Amino acid sequence: MEFFQAFANMTAASFAQHMANGISLGSLYAMIAIGYTMVYGILLMINFAHGDIVMMACYFAFFGITVFHIPWFMTFIGTIIATALLGVVIERAAYRPLRDAPKNSVLISAIGASFLLENLANYLFSGRPMRFPDIPLLSQNIAVGGGVQIQAICFVIPVITIISLVVLLHIVNHTKTGMAMRAVSKDYEIARVMGINIDNVISITFAIGSAMAAIGAIMWGIRYPGITPMLGVMPGLKCFVAAVVGGIGNIKGAVLGGFILGLGEILIVAFFPQLSGYRDAFAFIVLILILYYKPTGLLGETTTEKV
Amino acid sequence: MNVLKTNSITMQFGGVIAVNELAIDVNEHEIVALIGPNGAGKTTAFNMITGVYKPTSGTVQYTDVQGNQIDITGKKPSDIAKLGIARTFQNIRLFKELSVYENVMIAKHLHLKANFLAATLHLPGYNKEQAEAEASVEKLLKSVNLWELRNEKASALPYGQQRHLEIVRALATEPRLLLLDEPAAGMNPKETEELTAFIRQIRDQYNLTIFLIEHHMDLVMEISDRIYVLDFGMTIAQGDPQSIQNNQRVITAYLGEDEDA
């Protein structure tokens with residue numbers, strides 16, 4: 001029964017630690033997955049550069065604090081704005097010129113944008129890992145008893161995620177902009193003959209998705225301080241999987257998918273340390289199972305193809 | 001005074017000329033029909049007017065309420081919509097997953113002035129505007145007996161009602177010129193008759209100018225002040241319903257050459 005050894009040794013305190021890790025990782029995945037799902041909902045494309053937008057946001061925050069010595073909260077606000085702009089610029093430069101091109105061209109352009117950001121970061125910031133600065137309070141560990149310590153940011157991450165989600169759902173469901181976004185995602189041709197400027201709606205979508213990614217990226221940096229130009233690749237892939245698992249195009253689905261992957265990944269390693277080598281495989285196994293049994297994702301709508 | 005005027009607009013797709021030098025004008029408060037066999041280029045003409053296509057050559061002119069002549073050739077569909085041109089589609093294009101109410105509200109909403117901040121904080125100006133929008137949507141839906149069904153998904157409505165909803169949604173954008181693309185498609189004679197009355201009614205009630213594409217000749221002949229006939233992209237006839245009915249070229253285009261003639 002060696003396989004179940006970790007079960008027997010699990011104490012309440014260490015279980016609490018694993019849950020804290022899982023929930024905070026799940027929240028981070030959720031924040032990033034939202035960007036994938038929003039862009040897909042409107043443009044029906046996968047923004048492969050999204051993970052690299054997360055990476056750029058980490059560097060923005062890193063340079064703001066360590067090089068320019070801007071107070072951390074000011075840096076974070078600046079990072080969110082700069083990242084939102086970066087998202088808008090990528091859409092303008094790499095996706096908008098291909099608006100009427102076949103879907104595959106846009107997809108390839110997205111992969112190109114992703115490689116460009118990774119290599120640009122490699123060139124400008126070097127491939128050497130840099131250490132995300134410690135943030136007062138947030139980076140500290142809190143003792144929760146039983147000799148277990150949990151980083152303060154772990155308690156903040158889910159709260160920020162939930163607040164962001166509530167604000168986002170309010171925008172999407174109760175504002176004119178959100179209504180325009182929903183209209184464009186359902187049928188952009190009618191949306192524009194009803195007076196919706198789809199270019200603006202698409203820009204706003206990229207801005208919001210990237211701002212969410214920036215919030216995720218900042219918390220990511222505090223939680224996992226080693227930042228490299230390839231930092232966004234694996235989380236980007238997993239968050240894309242999270243969006244698909246939840247039902248791509250559905251914001252709540254992306255959050256649900258993020259939590260399932262984050263918690264699942266951590267708990268599997270916690271209970272079966274022998275499987276820790278398969279940690280990254282977990283997301284993709286879930287993806288295969290979901291695509292097999294429910295191809296539209298957990299909360300996805302079944303759509304019938306228009307003739 | 002004309003509301004819409006096209007100056008020899010031509011649309012070419014590769015080697016195919018879909019619409020050739022179309023010159024129409026639609027006067028204020030008129031109902032003008034565009035007819036012709038399938039593939040004659042009618043919907044292409046609509047697409048050029050609403051900015052979906054940019055004409056290969058020629059210009060489209062629109063006169064707004066203040067009497068300003070505006071060149072709308074190749075403008076964005078959204079800008080053209082804001083100037084007061086609304087349209088419906090040949091194959092019904094509702095937001096299927098949204099409710100009947102939301103379909104109309106979306107169209108209405110885009111013409112509100114309140115910004116994001118006002119909407120979030122529910123400032124007084126926003127609340128007033130919102131109440132007006134809600135009242136206007138209610139009135140529009142009641143005018144087509146859809147108010148009771150407002151919470152149904154648009155796709156759940158019977159066909160005829162979906163047509164009505166699409167027209168009402170177009171009305172919610174407060175147009176001055178309404179383009180209807182085959183509004184009676186798939187309707188039985190009774191429904192077509194009701195639709196004919198309905199189009200007249202909204203024309204008078206909302207002071208509209210209407211330009212429509214239709215295959216139901218009963219409707220076209222009854223409702224139109226003037227008719228343009230397209231065939232293979234060419235305008236082969238124009239005039240009042242009486243003269244079109246007796247026009248030999250039109251009869252030939254629809255029925256084919258008479259071998260005995």
# chains A, B, ... in the order shown; residues from 1 in each chain; ligands from 1

call {"tool": "residues_around", "arguments": {"residues": "A:Tyr278", "least_positions_apart": "5", "cutoff": "12 Å", "atoms": "only C-alpha atoms", "output": "VMD selection string"}}
result
chain A and resid 264 to 266 268 to 269 272 to 273 283 to 285

call {"tool": "write_last_selection", "arguments": {"atoms": "C-alpha atoms", "output": "PDB file, in the first residue's frame"}}
result
ATOM      1  CA  GLY A 264      -6.501  18.762  -9.591  1.00  0.00           C
ATOM      2  CA  GLU A 265      -2.864  19.297 -10.455  1.00  0.00           C
ATOM      3  CA  ILE A 266      -1.874  20.173  -6.892  1.00  0.00           C
ATOM      4  CA  ILE A 268      -2.804  14.694  -7.387  1.00  0.00           C
ATOM      5  CA  VAL A 269       0.787  15.521  -6.528  1.00  0.00           C
ATOM      6  CA  PHE A 272       0.368  10.638  -5.009  1.00  0.00           C
ATOM      7  CA  PRO A 273       3.861  12.128  -4.842  1.00  0.00           C
ATOM      8  CA  ALA A 283      -4.365  19.143 -17.678  1.00  0.00           C
ATOM      9  CA  PHE A 284      -4.067  17.387 -20.998  1.00  0.00           C
ATOM     10  CA  ILE A 285      -5.569  14.133 -19.736  1.00  0.00           C
TER      11      ILE A 285
END

call {"tool": "residues_around", "arguments": {"residues": "stretch 147-159 of chain A", "least_positions_apart": "5", "cutoff": "6 Å", "atoms": "only C-alpha atoms", "output": "ChimeraX atom specification"}}
result
/A:24,27,138,140-142

call {"tool": "write_last_selection", "arguments": {"atoms": "N, CA and C atoms", "output": "mmCIF file, in the first residue's frame"}}
result
data_model
loop_
_atom_site.group_PDB
_atom_site.id
_atom_site.type_symbol
_atom_site.label_atom_id
_atom_site.label_comp_id
_atom_site.auth_asym_id
_atom_site.auth_seq_id
_atom_site.Cartn_x
_atom_site.Cartn_y
_atom_site.Cartn_z
ATOM 1 N N SER A 24 -5.207 28.693 -4.997
ATOM 2 C CA SER A 24 -4.564 29.879 -5.571
ATOM 3 C C SER A 24 -4.078 29.606 -6.989
ATOM 4 N N SER A 27 -7.116 29.760 -9.178
ATOM 5 C CA SER A 27 -7.547 31.149 -9.398
ATOM 6 C C SER A 27 -6.693 31.807 -10.470
ATOM 7 N N LEU A 138 2.212 40.707 1.237
ATOM 8 C CA LEU A 138 1.714 39.666 0.345
ATOM 9 C C LEU A 138 2.683 38.499 0.178
ATOM 10 N N GLN A 140 4.834 37.464 2.340
ATOM 11 C CA GLN A 140 5.201 36.812 3.598
ATOM 12 C C GLN A 140 4.447 35.519 3.835
ATOM 13 N N ASN A 141 5.067 34.666 4.616
ATOM 14 C CA ASN A 141 4.405 33.430 4.988
ATOM 15 C C ASN A 141 3.649 33.614 6.289
ATOM 16 N N ILE A 142 2.523 32.961 6.395
ATOM 17 C CA ILE A 142 1.747 33.006 7.617
ATOM 18 C C ILE A 142 1.713 31.597 8.185
#

call {"tool": "interface_residues", "arguments": {"of": "chain A", "to": "chain B", "cutoff": "6 Å", "atoms": "only C-alpha atoms", "output": "list of chain:residue names"}}
result
A:Arg192, A:Val193, A:Met194, A:Gly195, A:Ile196, A:Asn197

call {"tool": "write_last_selection", "arguments": {"atoms": "C-alpha atoms", "output": "PDB file, in the first residue's frame"}}
result
ATOM      1  CA  ARG A 192     -22.745  46.057 -37.136  1.00  0.00           C
ATOM      2  CA  VAL A 193     -25.893  46.911 -39.088  1.00  0.00           C
ATOM      3  CA  MET A 194     -27.420  47.788 -35.749  1.00  0.00           C
ATOM      4  CA  GLY A 195     -24.775  50.398 -35.189  1.00  0.00           C
ATOM      5  CA  ILE A 196     -22.153  48.472 -33.227  1.00  0.00           C
ATOM      6  CA  ASN A 197     -18.593  49.388 -34.156  1.00  0.00           C
TER       7      ASN A 197
END

call {"tool": "residues_around", "arguments": {"residues": "A:Gly246", "least_positions_apart": "4", "cutoff": "7 Å", "atoms": "only C-alpha atoms", "output": "ChimeraX atom specification"}}
result
/A:242,253-254,256-257,297-300

call {"tool": "select_by_dssp", "arguments": {"residues": "stretch 24-120 of chain B", "states": "alpha helix (DSSP H)", "output": "VMD selection string"}}
result
chain B and resid 42 to 49 77 to 83 100 to 109 116 to 120

call {"tool": "closest_residue", "arguments": {"among": "B:Leu157, B:Ala23, B:Ile227, B:Leu177", "to": "B:Lys5", "atoms": "only C-alpha atoms"}}
result
B:Ala23

call {"tool": "atom_distance", "arguments": {"atom1": "atom CA of A:Gly41", "atom2": "atom CA of A:Lys103"}}
result
14.0 Å

call {"tool": "residues_around", "arguments": {"residues": "B:Tyr53", "least_positions_apart": "6", "cutoff": "10 Å", "atoms": "only C-alpha atoms", "output": "list in words"}}
result
Met11, Thr44, Ala45, Phe46, Asn47, Thr73, Gly74, Lys75, Lys76 and Pro77 of chain B

call {"tool": "write_last_selection", "arguments": {"atoms": "C-alpha atoms", "output": "mmCIF file, in the first residue's frame"}}
result
data_model
loop_
_atom_site.group_PDB
_atom_site.id
_atom_site.type_symbol
_atom_site.label_atom_id
_atom_site.label_comp_id
_atom_site.auth_asym_id
_atom_site.auth_seq_id
_atom_site.Cartn_x
_atom_site.Cartn_y
_atom_site.Cartn_z
ATOM 1 C CA MET B 11 -20.251 45.530 -57.717
ATOM 2 C CA THR B 44 -25.803 42.661 -53.269
ATOM 3 C CA ALA B 45 -27.407 46.059 -53.852
ATOM 4 C CA PHE B 46 -28.595 46.081 -50.229
ATOM 5 C CA ASN B 47 -25.135 45.104 -49.051
ATOM 6 C CA THR B 73 -20.235 54.935 -50.070
ATOM 7 C CA GLY B 74 -17.999 52.389 -48.349
ATOM 8 C CA LYS B 75 -18.673 53.698 -44.850
ATOM 9 C CA LYS B 76 -18.675 51.218 -41.996
ATOM 10 C CA PRO B 77 -21.994 49.385 -41.507
#

call {"tool": "atom_distance", "arguments": {"atom1": "atom CA of A:Ala110", "atom2": "atom CA of A:Gly87"}}
result
11.7 Å

call {"tool": "atom_distance", "arguments": {"atom1": "atom CA of B:Gln245", "atom2": "atom CA of B:Phe232"}}
result
19.1 Å

call {"tool": "closest_residue", "arguments": {"among": "B:Val250, B:Val100, B:Ile70, B:Val168", "to": "B:Arg150", "atoms": "only C-alpha atoms"}}
result
B:Val100

call {"tool": "select_by_dssp", "arguments": {"residues": "stretch 100-216 of chain B", "states": "strand (DSSP E or B)", "output": "PyMOL selection string"}}
result
chain B and resi 153+177-181+209-213

call {"tool": "write_last_selection", "arguments": {"atoms": "N, CA and C atoms", "output": "PDB file, in the first residue's frame"}}
result
ATOM      1  N   LYS B 153     -36.719  32.426 -25.856  1.00  0.00           N
ATOM      2  CA  LYS B 153     -35.572  32.556 -26.753  1.00  0.00           C
ATOM      3  C   LYS B 153     -36.095  32.910 -28.135  1.00  0.00           C
ATOM      4  N   LEU B 177     -34.730  55.251 -42.796  1.00  0.00           N
ATOM      5  CA  LEU B 177     -34.869  54.427 -43.985  1.00  0.00           C
ATOM      6  C   LEU B 177     -34.760  52.959 -43.559  1.00  0.00           C
ATOM      7  N   LEU B 178     -35.774  52.179 -43.923  1.00  0.00           N
ATOM      8  CA  LEU B 178     -35.776  50.766 -43.541  1.00  0.00           C
ATOM      9  C   LEU B 178     -35.641  49.907 -44.795  1.00  0.00           C
ATOM     10  N   LEU B 179     -34.638  49.034 -44.807  1.00  0.00           N
ATOM     11  CA  LEU B 179     -34.449  48.122 -45.932  1.00  0.00           C
ATOM     12  C   LEU B 179     -34.920  46.731 -45.506  1.00  0.00           C
ATOM     13  N   LEU B 180     -35.882  46.189 -46.233  1.00  0.00           N
ATOM     14  CA  LEU B 180     -36.397  44.863 -45.891  1.00  0.00           C
ATOM     15  C   LEU B 180     -36.004  43.886 -46.992  1.00  0.00           C
ATOM     16  N   ASP B 181     -35.248  42.841 -46.618  1.00  0.00           N
ATOM     17  CA  ASP B 181     -34.806  41.859 -47.606  1.00  0.00           C
ATOM     18  C   ASP B 181     -35.745  40.649 -47.543  1.00  0.00           C
ATOM     19  N   THR B 209     -39.210  55.670 -44.563  1.00  0.00           N
ATOM     20  CA  THR B 209     -39.093  55.434 -45.989  1.00  0.00           C
ATOM     21  C   THR B 209     -38.680  53.981 -46.116  1.00  0.00           C
ATOM     22  N   ILE B 210     -39.325  53.238 -47.017  1.00  0.00           N
ATOM     23  CA  ILE B 210     -39.045  51.801 -47.067  1.00  0.00           C
ATOM     24  C   ILE B 210     -38.585  51.372 -48.455  1.00  0.00           C
ATOM     25  N   PHE B 211     -37.505  50.598 -48.458  1.00  0.00           N
ATOM     26  CA  PHE B 211     -36.968  50.031 -49.692  1.00  0.00           C
ATOM     27  C   PHE B 211     -36.922  48.532 -49.463  1.00  0.00           C
ATOM     28  N   LEU B 212     -37.633  47.755 -50.300  1.00  0.00           N
ATOM     29  CA  LEU B 212     -37.703  46.342 -49.998  1.00  0.00           C
ATOM     30  C   LEU B 212     -37.434  45.454 -51.205  1.00  0.00           C
ATOM     31  N   ILE B 213     -36.916  44.273 -50.899  1.00  0.00           N
ATOM     32  CA  ILE B 213     -36.731  43.223 -51.896  1.00  0.00           C
ATOM     33  C   ILE B 213     -37.816  42.200 -51.626  1.00  0.00           C
TER      34      ILE B 213
END

call {"tool": "residues_around", "arguments": {"residues": "B:Val16", "least_positions_apart": "2", "cutoff": "12 Å", "atoms": "only C-alpha atoms", "output": "PyMOL selection string"}}
result
chain B and resi 10-14+18-20+39-41+56+232-233

call {"tool": "closest_residue", "arguments": {"among": "A:Leu25, A:Ala213, A:Leu120, A:Met45", "to": "A:Ile248", "atoms": "only C-alpha atoms"}}
result
A:Met45

call {"tool": "closest_residue", "arguments": {"among": "B:Lys42, B:Lys54, B:Lys128, B:Lys142", "to": "B:Glu182", "atoms": "only C-alpha atoms"}}
result
B:Lys42

call {"tool": "residues_around", "arguments": {"residues": "B:Gln201", "least_positions_apart": "4", "cutoff": "12 Å", "atoms": "only C-alpha atoms", "output": "PyMOL selection string"}}
result
chain B and resi 29+31+143-144+194-197+205-210+223

call {"tool": "write_last_selection", "arguments": {"atoms": "N, CA and C atoms", "output": "tab-separated table (two decimals), in the first residue's frame"}}
result
chain	number	residue	atom	x	y	z
B	29	HIS	N	-40.84	58.92	-47.44
B	29	HIS	CA	-42.15	58.33	-47.16
B	29	HIS	C	-42.63	57.38	-48.26
B	31	ILE	N	-42.64	53.80	-50.51
B	31	ILE	CA	-42.27	52.39	-50.41
B	31	ILE	C	-41.85	51.96	-51.81
B	143	SER	N	-46.63	46.14	-30.12
B	143	SER	CA	-47.19	46.44	-31.44
B	143	SER	C	-47.20	45.20	-32.33
B	144	VAL	N	-46.39	44.20	-32.02
B	144	VAL	CA	-46.41	42.97	-32.82
B	144	VAL	C	-46.84	41.76	-31.98
B	194	GLU	N	-51.14	40.06	-43.80
B	194	GLU	CA	-50.94	40.75	-42.52
B	194	GLU	C	-49.66	41.59	-42.56
B	195	LEU	N	-48.64	41.01	-43.17
B	195	LEU	CA	-47.36	41.71	-43.25
B	195	LEU	C	-47.48	42.98	-44.08
B	196	THR	N	-48.24	42.88	-45.17
B	196	THR	CA	-48.45	44.04	-46.02
B	196	THR	C	-49.05	45.19	-45.20
B	197	ALA	N	-50.07	44.87	-44.43
B	197	ALA	CA	-50.72	45.88	-43.60
B	197	ALA	C	-49.73	46.42	-42.56
B	205	GLN	N	-46.65	55.13	-38.94
B	205	GLN	CA	-46.47	55.38	-37.51
B	205	GLN	C	-45.09	55.96	-37.19
B	206	TYR	N	-44.04	55.45	-37.84
B	206	TYR	CA	-42.68	55.90	-37.53
B	206	TYR	C	-42.13	56.81	-38.61
B	207	ASN	N	-42.99	57.23	-39.53
B	207	ASN	CA	-42.58	58.14	-40.59
B	207	ASN	C	-41.35	57.63	-41.35
B	208	LEU	N	-41.48	56.40	-41.85
B	208	LEU	CA	-40.33	55.75	-42.47
B	208	LEU	C	-40.36	55.87	-43.99
B	209	THR	N	-39.21	55.67	-44.56
B	209	THR	CA	-39.09	55.43	-45.99
B	209	THR	C	-38.68	53.98	-46.12
B	210	ILE	N	-39.33	53.24	-47.02
B	210	ILE	CA	-39.05	51.80	-47.07
B	210	ILE	C	-38.58	51.37	-48.45
B	223	ILE	N	-48.25	47.15	-52.37
B	223	ILE	CA	-47.67	48.08	-51.41
B	223	ILE	C	-46.77	49.15	-52.05
